[in-house]
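> Please find one structure pasted underneath; my questions will follow.
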Amino acid sequence: MDTNVILHARFAPNGAVVEMSERPDGLTPQAWFDFLSDKAGDVYQTLAGGRGVFRLTREELAALKQAAVPAAA
């Protein structure tokens, strides 16, 4: 059974992403949020107070992290 993971996003008043959990090395919070929004936007939930969450399984998160960061050349 896959364990669910909740990835938290926090936004600045101007809408920019300032914090994003489970972020791979080399990606800014905004880049990680944009990637997740494109690939897993259907599991995003907007919350009050400039926050939001993505709800994924550990397996889904691992696959997304791998796809987000290109292999080193």
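By order of appearance in the structure tokens: chains A, B, ..., then residues from 1 within every chain, and ligands from 1 in the order shown.
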Report as a Markdown table the residues of stretch 11-63 of chain A within 12 Å of stretch 2-7 of chain A, each with its shortest atom pair and distance in Å (one decimal), using only C-alpha atoms, ordered by chain and increasing residue number.

```
| residue | atom | partner | partner_atom | distance |
| --- | --- | --- | --- | --- |
| A:Glu19 | CA | A:Leu7 | CA | 10.2 |
| A:Met20 | CA | A:Leu7 | CA | 7.1 |
| A:Ser21 | CA | A:Leu7 | CA | 5.3 |
| A:Glu22 | CA | A:Leu7 | CA | 6.5 |
| A:Arg23 | CA | A:Leu7 | CA | 9.0 |
| A:Pro29 | CA | A:Leu7 | CA | 11.6 |
| A:Trp32 | CA | A:Leu7 | CA | 10.8 |
| A:Phe33 | CA | A:Leu7 | CA | 9.8 |
| A:Leu36 | CA | A:Leu7 | CA | 10.0 |
| A:Ser37 | CA | A:Leu7 | CA | 11.9 |
| A:Ala40 | CA | A:Leu7 | CA | 11.5 |
| A:Val43 | CA | A:Ile6 | CA | 10.0 |
| A:Tyr44 | CA | A:Leu7 | CA | 9.2 |
| A:Gln45 | CA | A:Ile6 | CA | 10.3 |
| A:Thr46 | CA | A:Leu7 | CA | 11.9 |
| A:Arg51 | CA | A:Leu7 | CA | 10.6 |
| A:Gly52 | CA | A:Leu7 | CA | 8.4 |
| A:Val53 | CA | A:Leu7 | CA | 5.3 |
| A:Phe54 | CA | A:Leu7 | CA | 5.1 |
| A:Arg55 | CA | A:Ile6 | CA | 4.7 |
| A:Leu56 | CA | A:Val5 | CA | 5.2 |
| A:Thr57 | CA | A:Asn4 | CA | 4.3 |
| A:Arg58 | CA | A:Thr3 | CA | 5.8 |
| A:Glu59 | CA | A:Asp2 | CA | 7.0 |
| A:Glu60 | CA | A:Asp2 | CA | 9.3 |
| A:Leu61 | CA | A:Val5 | CA | 7.9 |
| A:Ala62 | CA | A:Val5 | CA | 10.7 |
```
> Name the residues of chain A that come out as strand (DSSP E or B) in a backbone DSSP run; write them as a PyMOL selection string.
chain A and resi 4-11+17-20+44-47+51-57
> Quick one: residues within 9 Å of A:Phe35, only C-alpha atoms counted, chain neighbours fewer than 5 positions away excluded, as a PDB file with N, CA and C atoms, in the first residue's frame?

```pdb
ATOM      1  N   GLN A  30       9.261  28.109  -7.134  1.00  0.00           N
ATOM      2  CA  GLN A  30       8.335  28.411  -8.227  1.00  0.00           C
ATOM      3  C   GLN A  30       8.436  27.376  -9.341  1.00  0.00           C
ATOM      4  N   ALA A  40       0.704  17.238 -12.197  1.00  0.00           N
ATOM      5  CA  ALA A  40      -0.188  16.674 -11.172  1.00  0.00           C
ATOM      6  C   ALA A  40      -1.179  17.710 -10.656  1.00  0.00           C
ATOM      7  N   LEU A  64       7.861  11.853 -10.063  1.00  0.00           N
ATOM      8  CA  LEU A  64       7.843  13.260 -10.442  1.00  0.00           C
ATOM      9  C   LEU A  64       9.171  13.930 -10.157  1.00  0.00           C
ATOM     10  N   ALA A  68      11.544  15.685 -12.941  1.00  0.00           N
ATOM     11  CA  ALA A  68      11.740  17.134 -12.837  1.00  0.00           C
ATOM     12  C   ALA A  68      13.185  17.543 -13.025  1.00  0.00           C
TER      13      ALA A  68
END
```
> May I have all residues of chain A that DSSP, computed from the backbone, assigns to helix (DSSP H, G or I), given as a list in words?
Pro29, Gln30, Ala31, Trp32, Phe33, Asp34, Phe35, Leu36, Ser37, Asp38, Lys39, Ala40, Gly41, Asp42, Val43, Arg58, Glu59, Glu60, Leu61, Ala62, Ala63, Leu64, Lys65, Gln66, Ala67 and Ala68 of chain A
> Give me, as an mmCIF file with C-alpha atoms, in the first residue's frame, all polymer residues having an atom no more than 9 Å from A:Val18, counting only C-alpha atoms and skipping those fewer than 3 positions away in the same chain.

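Wrote it out as result.cif, contents follow:
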```cif
data_model
loop_
_atom_site.group_PDB
_atom_site.id
_atom_site.type_symbol
_atom_site.label_atom_id
_atom_site.label_comp_id
_atom_site.auth_asym_id
_atom_site.auth_seq_id
_atom_site.Cartn_x
_atom_site.Cartn_y
_atom_site.Cartn_z
ATOM 1 C CA ALA A 9 3.103 25.391 -1.080
ATOM 2 C CA ARG A 10 3.212 28.886 0.405
ATOM 3 C CA PHE A 11 2.660 31.987 -1.690
ATOM 4 C CA ALA A 12 3.742 35.627 -1.379
ATOM 5 C CA GLY A 15 1.246 35.097 -6.060
ATOM 6 C CA THR A 28 13.370 26.953 -7.187
ATOM 7 C CA PRO A 29 10.105 26.777 -5.255
ATOM 8 C CA GLN A 30 8.335 28.411 -8.227
#
```
> Find the distance between atom CA of A:Ala48 and atom CA of A:Asp25 and write it in Å to one decimal.
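Going from atom CA of A:Ala48 over to atom CA of A:Asp25, I get 27.7 Å.
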> Please report the interatomic distance between atom CA of A:Asp42 and atom CA of A:Lys65 in Å with one decimal.
17.0 Å
